[in-house]
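Below is one structure, written out as structure tokens; comments come after it.
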Amino acid sequence: MPELPEVENIKKDLRKTLIGKQIQRVFVYTEKMIKVGAGKISNIKKGSKKQTQEFIKTLKNKRILEIQRRAKYLIISLSQKHFLVIHLRMSGQLIFRNKKQLKEPLLLSVAKNAVKEKLPNKHTHLEIVFKGEQRLFYNDIRQFGHLRLVNQKELEEIFENLSLGPEPLSLSFEGFKEISETYKRKRAKDFLLDQRVISGIGNIYSDEALFRSKINPSRKIYSLKEAELKKLFQNIKLVLNEAISAGGSSIDSFKRVNGNSGKYTEKHLVYGRSGFPCPVCKRKLLSKKIGSRTSTYCGYCQK
DNA sequence: CTTGCGACCTGTTGGC
DNA sequence: TGCCAACAGGTCGCAA
């Protein structure tokens with residue numbers, strides 16, 4: 001589900017709601033979604049009772065000190081140098097409810113036949129109860145996401161192993177040019193999606209940035225003129241910043257921590273609009289698989 | 001090293 | 001209406 005703007009909004013929401021709170025109780029409903037330590041994520045499916053017990057025991061009575069984002073990861077700092085590292089992957093949601101809100105059913109998806117539900121529901125995998133009966137729920141329909149509990153050293157180990165590329169919003173054009181030189185053999189779409197090249201961009205914002213830059217997603221990076229590279233660099237920042245301000249894009253299940261949707265979806269010029277007219281030239285937008293992801297683009301405007 | 005593809009899951013949509 | 005294939009904000013691991 002979420003790319004950088006969505007995760008950034010969740011981070012901001014969590015800062016407002018969670019900082020200073022103390023964890024009272026923890027319910028793990030789906031063991032394979034959680035992990036303790038810095039081991040490989042693929043081992044997560046072996047989620048064990050022992051690990052779950054340790055997860056619950058360690059979280060208990062901890063305080064929330066700070067929430068940060070790196071790429072599409074959320075890092076929740078807890079007292080006594082423990083950290084909760086969360087990746088929402090395609091369909092993860094973090095929803096916060098106070099005692100009164102708990103009784104109100106929530107619309108957790110934007111699908112046509114979506115029904116309001118109370119929490120926890122069948123897609124709730126973790127529930128954290130804070131003092132005062134306020135709760136944070138982790139829901140994840142597709143169960144691709146994960147939450148892991150680590151100490152300082154393990155936190156560093158995780159991010160070292162990930163070798164994430166720079167954050168696009170704090171990247172200079174000089175830095176962008178440098179990585180474009182290093183990865184010049186990639187197609188533009190692959191370049192933007194590769195988290196070790198630049199981190200935080202996914203399928204929506206890569207398509208949107210390429211369209212606004214009039215660059216075909218299949219173009220090789222080495223073929224881009226300096227002016228095109230510059231436009232791409234600026235448009236990445238533009239779409240990410242606009243999306244952050246709009247609260248992100250709610251395609252299906254993306255929800256803010258209060259259950260609200262993001263409003264950037266209506267600003268999408270190409271993502272999810274294959275077959276519809278190009279907003280500039282009115283020709284039908286095309287779609288094509290690039291690196292096993294669907295890219296939507298205008299065959300006429302994007303050279 | 002890169003590339004490509006299946007795997008991981010459940011749910012929704014569009015075509016017949 | 002029903003069924004069934006294709007597809008969905010993302011990585012990860014493995015083979016070539």
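Just so we're on the same page: first chain in the structure tokens is A, next is B, and so on; residues restart at 1 for each chain, and ligands are numbered from 1 in the order they show up.
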
Inset, instruction - as a PyMOL selection string, list the residues of range 30-270 of chain A assigned to strand (DSSP E) by DSSP on the backbone atoms of this structure. - result: chain A and resi 34-36+64-70+73-78+82-87+92-97+106-107+116-117+124-130+134-140+146-151

Inset, instruction - Do me a favour and pick out the residues of chain A within 12 Å of chain B, using only C-alpha atoms (C1' of nucleotides), as number ranges by chain. - result: A: 32-33, 41-45, 89-91, 109-114, 122-123, 140-145, 183, 185-187, 190, 251-253, 290-293

Take the residues just selected and output them with N, CA, C and O atoms as a compact mmCIF listing (two decimals), in the first residue's frame.
# COMPACT_ATOMS: atom_id res chain seq x y z
N LYS A 32 3.02 -14.95 12.91
CA LYS A 32 4.02 -14.81 11.85
C LYS A 32 4.25 -13.36 11.43
O LYS A 32 5.17 -13.07 10.68
N MET A 33 3.40 -12.44 11.90
CA MET A 33 3.58 -11.04 11.50
C MET A 33 4.62 -10.32 12.34
O MET A 33 5.01 -9.21 12.01
N ILE A 41 13.86 -11.36 7.36
CA ILE A 41 12.41 -11.21 7.35
C ILE A 41 11.72 -12.49 6.86
O ILE A 41 10.65 -12.85 7.31
N SER A 42 12.38 -13.18 5.95
CA SER A 42 11.76 -14.39 5.39
C SER A 42 11.55 -15.46 6.46
O SER A 42 10.72 -16.35 6.30
N ASN A 43 12.30 -15.36 7.54
CA ASN A 43 12.10 -16.32 8.64
C ASN A 43 10.88 -16.00 9.48
O ASN A 43 10.50 -16.75 10.36
N ILE A 44 10.27 -14.86 9.19
CA ILE A 44 9.14 -14.41 9.98
C ILE A 44 7.98 -15.39 9.93
O ILE A 44 7.26 -15.56 10.90
N LYS A 45 7.83 -16.08 8.81
CA LYS A 45 6.69 -16.99 8.72
C LYS A 45 6.77 -18.11 9.75
O LYS A 45 5.79 -18.77 10.04
N ARG A 89 4.14 -2.84 3.85
CA ARG A 89 4.06 -3.52 2.54
C ARG A 89 2.84 -3.09 1.76
O ARG A 89 2.64 -1.91 1.59
N MET A 90 1.98 -4.02 1.32
CA MET A 90 0.87 -3.63 0.44
C MET A 90 -0.38 -3.17 1.17
O MET A 90 -1.12 -2.32 0.68
N SER A 91 -0.68 -3.78 2.29
CA SER A 91 -2.01 -3.52 2.87
C SER A 91 -2.02 -3.30 4.38
O SER A 91 -3.06 -3.41 5.00
N SER A 109 -11.69 0.38 4.21
CA SER A 109 -11.27 0.21 2.82
C SER A 109 -12.10 1.14 1.96
O SER A 109 -13.15 1.61 2.37
N VAL A 110 -11.59 1.47 0.76
CA VAL A 110 -12.37 2.33 -0.11
C VAL A 110 -13.04 1.51 -1.22
O VAL A 110 -13.57 2.06 -2.15
N ALA A 111 -13.01 0.19 -1.10
CA ALA A 111 -13.68 -0.67 -2.08
C ALA A 111 -15.18 -0.40 -2.09
O ALA A 111 -15.74 0.05 -1.09
N LYS A 112 -15.81 -0.65 -3.24
CA LYS A 112 -17.23 -0.31 -3.42
C LYS A 112 -18.13 -0.98 -2.39
O LYS A 112 -19.08 -0.38 -1.90
N ASN A 113 -17.87 -2.25 -2.11
CA ASN A 113 -18.75 -2.99 -1.21
C ASN A 113 -18.21 -3.05 0.21
O ASN A 113 -18.60 -3.91 1.00
N ALA A 114 -17.28 -2.15 0.53
CA ALA A 114 -16.68 -2.18 1.87
C ALA A 114 -17.73 -1.89 2.94
O ALA A 114 -18.64 -1.10 2.75
N LYS A 122 -11.03 -9.53 11.63
CA LYS A 122 -10.27 -10.73 11.23
C LYS A 122 -8.92 -10.41 10.58
O LYS A 122 -8.11 -11.30 10.41
N HIS A 123 -8.70 -9.15 10.23
CA HIS A 123 -7.41 -8.79 9.66
C HIS A 123 -6.52 -8.05 10.66
O HIS A 123 -5.50 -7.47 10.29
N ASP A 140 -3.82 -5.97 8.47
CA ASP A 140 -3.11 -6.22 7.22
C ASP A 140 -3.79 -7.36 6.46
O ASP A 140 -3.60 -8.53 6.77
N ILE A 141 -4.59 -6.99 5.45
CA ILE A 141 -5.35 -7.99 4.71
C ILE A 141 -4.44 -9.03 4.08
O ILE A 141 -4.64 -10.22 4.21
N ARG A 142 -3.42 -8.57 3.40
CA ARG A 142 -2.58 -9.53 2.65
C ARG A 142 -1.45 -10.14 3.49
O ARG A 142 -0.75 -11.05 3.03
N GLN A 143 -1.24 -9.62 4.64
CA GLN A 143 -0.26 -10.18 5.57
C GLN A 143 1.16 -10.17 5.03
O GLN A 143 1.95 -11.07 5.29
N PHE A 144 1.48 -9.15 4.24
CA PHE A 144 2.86 -9.04 3.74
C PHE A 144 3.71 -8.19 4.68
O PHE A 144 4.94 -8.22 4.59
N GLY A 145 3.08 -7.40 5.47
CA GLY A 145 3.83 -6.49 6.35
C GLY A 145 4.43 -7.23 7.52
O GLY A 145 4.27 -8.43 7.67
N TYR A 183 23.77 4.16 -11.69
CA TYR A 183 22.75 3.20 -12.15
C TYR A 183 22.22 3.54 -13.53
O TYR A 183 21.05 3.34 -13.82
N ARG A 185 22.44 2.21 -16.34
CA ARG A 185 21.96 1.14 -17.22
C ARG A 185 20.51 0.76 -16.95
O ARG A 185 19.89 0.03 -17.70
N LYS A 186 19.96 1.23 -15.86
CA LYS A 186 18.56 0.88 -15.53
C LYS A 186 17.57 1.66 -16.39
O LYS A 186 17.84 2.79 -16.80
N ARG A 187 16.40 1.05 -16.59
CA ARG A 187 15.30 1.81 -17.17
C ARG A 187 14.81 2.79 -16.10
O ARG A 187 14.91 2.51 -14.89
N ASP A 190 12.60 1.25 -13.36
CA ASP A 190 13.36 0.40 -12.43
C ASP A 190 14.23 1.24 -11.51
O ASP A 190 14.37 0.93 -10.32
N ILE A 251 -5.68 4.15 -2.27
CA ILE A 251 -6.11 3.35 -3.41
C ILE A 251 -7.13 2.32 -2.95
O ILE A 251 -8.20 2.21 -3.48
N ASP A 252 -6.77 1.57 -1.96
CA ASP A 252 -7.72 0.58 -1.46
C ASP A 252 -7.81 0.66 0.05
O ASP A 252 -8.77 1.19 0.60
N SER A 253 -6.77 0.25 0.71
CA SER A 253 -6.88 0.14 2.16
C SER A 253 -6.02 1.14 2.92
O SER A 253 -5.93 1.06 4.13
N ILE A 290 6.81 -3.36 -16.40
CA ILE A 290 8.25 -3.11 -16.37
C ILE A 290 8.76 -3.63 -15.04
O ILE A 290 8.33 -3.17 -13.99
N GLY A 291 9.64 -4.62 -15.12
CA GLY A 291 10.15 -5.20 -13.89
C GLY A 291 9.04 -5.76 -13.01
O GLY A 291 9.02 -5.52 -11.82
N SER A 292 8.09 -6.44 -13.63
CA SER A 292 6.97 -7.12 -12.96
C SER A 292 5.98 -6.16 -12.28
O SER A 292 5.09 -6.58 -11.57
N ARG A 293 6.11 -4.86 -12.55
CA ARG A 293 5.12 -3.89 -12.05
C ARG A 293 4.46 -3.20 -13.25
O ARG A 293 5.12 -2.95 -14.26

Inset, instruction - Going by DSSP on the backbone, which bits of range 191-279 of chain A are helix (DSSP H, G or I)? Write them as a PyMOL selection string, please. - result: chain A and resi 191-193+203-212+221-223+226-245+264-267

Inset, instruction - Extract, using only C-alpha atoms (C1' of nucleotides), all DNA, RNA and protein residues at most 12 Å from Lys103 in chain A, discarding same-chain residues fewer than 5 positions from it, and format them as a list in words. - result: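 So, after excluding close chain neighbours, the residues are Arg97, Asn98, Lys116, Glu117, Lys118, Leu119 and Pro120 of chain A.
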
Residues just named, written with C-alpha atoms as a PDB file, in the first residue's frame:
ATOM      1  CA  ARG A  97      -8.696   4.409  18.811  1.00  0.00           C
ATOM      2  CA  ASN A  98      -9.552   5.776  22.201  1.00  0.00           C
ATOM      3  CA  LYS A 116     -17.879  -0.589   8.381  1.00  0.00           C
ATOM      4  CA  GLU A 117     -16.168  -2.765  10.954  1.00  0.00           C
ATOM      5  CA  LYS A 118     -15.220  -2.607  14.594  1.00  0.00           C
ATOM      6  CA  LEU A 119     -11.703  -3.382  15.729  1.00  0.00           C
ATOM      7  CA  PRO A 120     -10.180  -5.841  16.200  1.00  0.00           C
TER       8      PRO A 120
END

Legend entry - Distance-based interface of chain C with chain A, 10 Å, counting only C-alpha atoms (C1' of nucleotides), as a list in words: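 That gives the following set of residues: DC7, DA8, DG9, DG10, DT11, DC12 and DG13 of chain C.
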
Could you write out the selected residues, including N, CA and C atoms (P, O5', C5', C4', C3', O3' and C1' of nucleotides), as a PDB file, in the first residue's frame?
ATOM      1  P    DC C   7      -2.975  -9.113 -15.530  1.00  0.00           P
ATOM      2  O5'  DC C   7      -3.178  -8.132 -14.301  1.00  0.00           O
ATOM      3  C5'  DC C   7      -4.355  -7.329 -14.213  1.00  0.00           C
ATOM      4  C4'  DC C   7      -4.515  -6.903 -12.782  1.00  0.00           C
ATOM      5  C3'  DC C   7      -3.189  -6.511 -12.115  1.00  0.00           C
ATOM      6  O3'  DC C   7      -3.171  -5.122 -11.858  1.00  0.00           O
ATOM      7  C1'  DC C   7      -4.563  -7.828 -10.686  1.00  0.00           C
ATOM      8  P    DA C   8      -1.731  -4.487 -11.439  1.00  0.00           P
ATOM      9  O5'  DA C   8      -1.977  -4.197  -9.884  1.00  0.00           O
ATOM     10  C5'  DA C   8      -2.979  -3.273  -9.480  1.00  0.00           C
ATOM     11  C4'  DA C   8      -3.100  -3.328  -7.976  1.00  0.00           C
ATOM     12  C3'  DA C   8      -1.752  -3.471  -7.253  1.00  0.00           C
ATOM     13  O3'  DA C   8      -1.215  -2.181  -6.976  1.00  0.00           O
ATOM     14  C1'  DA C   8      -3.416  -4.943  -6.342  1.00  0.00           C
ATOM     15  P    DG C   9       0.112  -1.744  -7.673  1.00  0.00           P
ATOM     16  O5'  DG C   9       0.726  -0.629  -6.737  1.00  0.00           O
ATOM     17  C5'  DG C   9       0.129  -0.085  -5.646  1.00  0.00           C
ATOM     18  C4'  DG C   9       1.204   0.708  -4.930  1.00  0.00           C
ATOM     19  C3'  DG C   9       2.082  -0.133  -4.026  1.00  0.00           C
ATOM     20  O3'  DG C   9       3.273   0.616  -3.804  1.00  0.00           O
ATOM     21  C1'  DG C   9       0.785   1.236  -2.718  1.00  0.00           C
ATOM     22  P    DG C  10       4.622  -0.035  -3.919  1.00  0.00           P
ATOM     23  O5'  DG C  10       4.473  -1.348  -3.031  1.00  0.00           O
ATOM     24  C5'  DG C  10       4.537  -1.239  -1.622  1.00  0.00           C
ATOM     25  C4'  DG C  10       5.568  -2.205  -1.064  1.00  0.00           C
ATOM     26  C3'  DG C  10       6.961  -2.063  -1.682  1.00  0.00           C
ATOM     27  O3'  DG C  10       7.914  -2.026  -0.623  1.00  0.00           O
ATOM     28  C1'  DG C  10       6.203  -4.306  -1.877  1.00  0.00           C
ATOM     29  P    DT C  11       9.406  -1.570  -0.953  1.00  0.00           P
ATOM     30  O5'  DT C  11      10.024  -2.906  -1.551  1.00  0.00           O
ATOM     31  C5'  DT C  11      11.045  -3.497  -0.825  1.00  0.00           C
ATOM     32  C4'  DT C  11      10.537  -4.745  -0.108  1.00  0.00           C
ATOM     33  C3'  DT C  11      11.696  -5.727   0.006  1.00  0.00           C
ATOM     34  O3'  DT C  11      11.643  -6.255   1.307  1.00  0.00           O
ATOM     35  C1'  DT C  11       9.889  -6.781  -1.058  1.00  0.00           C
ATOM     36  P    DC C  12      13.056  -6.654   1.973  1.00  0.00           P
ATOM     37  O5'  DC C  12      13.203  -8.192   1.554  1.00  0.00           O
ATOM     38  C5'  DC C  12      12.206  -9.085   1.957  1.00  0.00           C
ATOM     39  C4'  DC C  12      12.474 -10.460   1.388  1.00  0.00           C
ATOM     40  C3'  DC C  12      13.939 -10.834   1.178  1.00  0.00           C
ATOM     41  O3'  DC C  12      14.107 -12.097   1.775  1.00  0.00           O
ATOM     42  C1'  DC C  12      12.691 -11.219  -0.796  1.00  0.00           C
ATOM     43  P    DG C  13      15.542 -12.705   2.021  1.00  0.00           P
ATOM     44  O5'  DG C  13      15.569 -13.994   1.068  1.00  0.00           O
ATOM     45  C5'  DG C  13      14.470 -14.880   1.063  1.00  0.00           C
ATOM     46  C4'  DG C  13      14.598 -15.807  -0.130  1.00  0.00           C
ATOM     47  C3'  DG C  13      16.034 -16.265  -0.407  1.00  0.00           C
ATOM     48  O3'  DG C  13      15.969 -17.613  -0.805  1.00  0.00           O
ATOM     49  C1'  DG C  13      15.169 -15.207  -2.322  1.00  0.00           C
TER      50       DG C  13
END

Legend entry - Contact residues around range 93-95 of chain A with only C-alpha atoms (C1' of nucleotides) at 8 Å, ignoring same-chain residues under 4 positions, as an NGL selection string: :A and (10 or 88 or 136-140 or 253-259)

Requested write-out: all heavy atoms of the selected residues, as a short mmCIF file (atom, residue, chain, number, x, y, z; two decimals), in the first residue's frame:
data_model
loop_
_atom_site.label_atom_id
_atom_site.label_comp_id
_atom_site.auth_asym_id
_atom_site.auth_seq_id
_atom_site.Cartn_x
_atom_site.Cartn_y
_atom_site.Cartn_z
N ILE A 10 1.51 8.68 8.26
CA ILE A 10 1.28 7.81 9.41
C ILE A 10 2.24 8.19 10.54
O ILE A 10 1.87 8.25 11.70
CB ILE A 10 1.42 6.33 9.00
CG1 ILE A 10 0.26 5.97 8.07
CG2 ILE A 10 1.44 5.42 10.23
CD1 ILE A 10 0.31 4.58 7.52
N LEU A 88 4.68 -1.70 6.24
CA LEU A 88 3.27 -2.00 5.96
C LEU A 88 3.07 -2.75 4.65
O LEU A 88 1.96 -3.22 4.37
CB LEU A 88 2.46 -0.69 5.92
CG LEU A 88 2.59 0.19 7.16
CD1 LEU A 88 2.14 1.60 6.87
CD2 LEU A 88 1.79 -0.39 8.32
N LEU A 136 -3.80 0.79 19.75
CA LEU A 136 -3.25 0.84 18.40
C LEU A 136 -3.43 -0.54 17.79
O LEU A 136 -3.03 -1.54 18.38
CB LEU A 136 -1.77 1.22 18.44
CG LEU A 136 -1.11 1.38 17.08
CD1 LEU A 136 -1.61 2.63 16.36
CD2 LEU A 136 0.41 1.44 17.21
N PHE A 137 -4.04 -0.57 16.60
CA PHE A 137 -4.28 -1.85 15.90
C PHE A 137 -3.41 -1.93 14.66
O PHE A 137 -3.30 -0.96 13.91
CB PHE A 137 -5.75 -1.95 15.47
CG PHE A 137 -6.72 -1.93 16.61
CD1 PHE A 137 -7.26 -0.73 17.07
CD2 PHE A 137 -7.09 -3.12 17.24
CE1 PHE A 137 -8.17 -0.72 18.13
CE2 PHE A 137 -7.99 -3.11 18.30
CZ PHE A 137 -8.52 -1.90 18.74
N TYR A 138 -2.83 -3.09 14.45
CA TYR A 138 -2.16 -3.35 13.18
C TYR A 138 -3.03 -4.30 12.38
O TYR A 138 -3.22 -5.47 12.76
CB TYR A 138 -0.76 -3.95 13.37
CG TYR A 138 -0.11 -4.22 12.03
CD1 TYR A 138 0.36 -3.15 11.26
CD2 TYR A 138 -0.03 -5.49 11.49
CE1 TYR A 138 0.90 -3.36 10.01
CE2 TYR A 138 0.51 -5.71 10.24
CZ TYR A 138 0.98 -4.64 9.50
OH TYR A 138 1.50 -4.85 8.25
N ASN A 139 -3.58 -3.80 11.27
CA ASN A 139 -4.42 -4.62 10.36
C ASN A 139 -3.65 -4.82 9.07
O ASN A 139 -2.95 -3.92 8.62
CB ASN A 139 -5.72 -3.90 10.02
CG ASN A 139 -6.47 -3.46 11.25
OD1 ASN A 139 -6.55 -4.18 12.24
ND2 ASN A 139 -7.00 -2.25 11.20
N ASP A 140 -3.82 -5.97 8.47
CA ASP A 140 -3.11 -6.22 7.22
C ASP A 140 -3.79 -7.36 6.46
O ASP A 140 -3.60 -8.53 6.77
CB ASP A 140 -1.65 -6.58 7.52
CG ASP A 140 -0.78 -6.53 6.28
OD1 ASP A 140 -1.30 -6.54 5.16
OD2 ASP A 140 0.46 -6.47 6.45
N SER A 253 -6.77 0.25 0.71
CA SER A 253 -6.88 0.14 2.16
C SER A 253 -6.02 1.14 2.92
O SER A 253 -5.93 1.06 4.13
CB SER A 253 -6.53 -1.28 2.59
OG SER A 253 -5.23 -1.58 2.18
N PHE A 254 -5.40 2.09 2.20
CA PHE A 254 -4.58 3.04 2.96
C PHE A 254 -5.46 3.94 3.83
O PHE A 254 -6.39 4.56 3.36
CB PHE A 254 -3.72 3.91 2.06
CG PHE A 254 -3.07 5.05 2.83
CD1 PHE A 254 -2.13 4.77 3.81
CD2 PHE A 254 -3.45 6.36 2.63
CE1 PHE A 254 -1.56 5.80 4.56
CE2 PHE A 254 -2.89 7.39 3.37
CZ PHE A 254 -1.94 7.11 4.34
N LYS A 255 -5.14 3.98 5.09
CA LYS A 255 -5.88 4.80 6.03
C LYS A 255 -4.90 5.53 6.92
O LYS A 255 -3.88 4.99 7.32
CB LYS A 255 -6.78 3.93 6.90
CG LYS A 255 -7.97 3.36 6.14
CD LYS A 255 -8.97 4.44 5.86
CE LYS A 255 -9.99 3.97 4.83
NZ LYS A 255 -10.96 5.01 4.54
N ARG A 256 -5.28 6.76 7.26
CA ARG A 256 -4.53 7.48 8.27
C ARG A 256 -4.80 6.80 9.61
O ARG A 256 -5.70 5.97 9.75
CB ARG A 256 -4.98 8.94 8.31
CG ARG A 256 -4.80 9.66 6.98
CD ARG A 256 -3.37 10.09 6.82
NE ARG A 256 -3.02 11.07 7.84
CZ ARG A 256 -3.22 12.38 7.72
NH1 ARG A 256 -3.75 12.86 6.63
NH2 ARG A 256 -2.88 13.21 8.70
N VAL A 257 -4.04 7.21 10.61
CA VAL A 257 -4.14 6.56 11.91
C VAL A 257 -5.53 6.79 12.54
O VAL A 257 -6.01 6.00 13.34
CB VAL A 257 -2.98 7.05 12.81
CG1 VAL A 257 -3.17 6.61 14.24
CG2 VAL A 257 -1.66 6.51 12.26
N ASN A 258 -6.20 7.89 12.12
CA ASN A 258 -7.54 8.14 12.64
C ASN A 258 -8.63 7.50 11.77
O ASN A 258 -9.81 7.71 11.99
CB ASN A 258 -7.79 9.65 12.76
CG ASN A 258 -7.70 10.35 11.40
OD1 ASN A 258 -7.59 9.71 10.36
ND2 ASN A 258 -7.73 11.66 11.43
N GLY A 259 -8.23 6.75 10.76
CA GLY A 259 -9.20 6.06 9.90
C GLY A 259 -9.59 6.85 8.67
O GLY A 259 -10.33 6.35 7.82
#

Legend entry - Atomic separation - CA of Ile86 in chain A relative to CA of Phe27 in chain A, Å: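 Interatomic distance here is 16.4 Å.
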
Legend entry - Atomic separation - CA of Lys220 in chain A relative to CA of Lys189 in chain A, Å: 8.9 Å
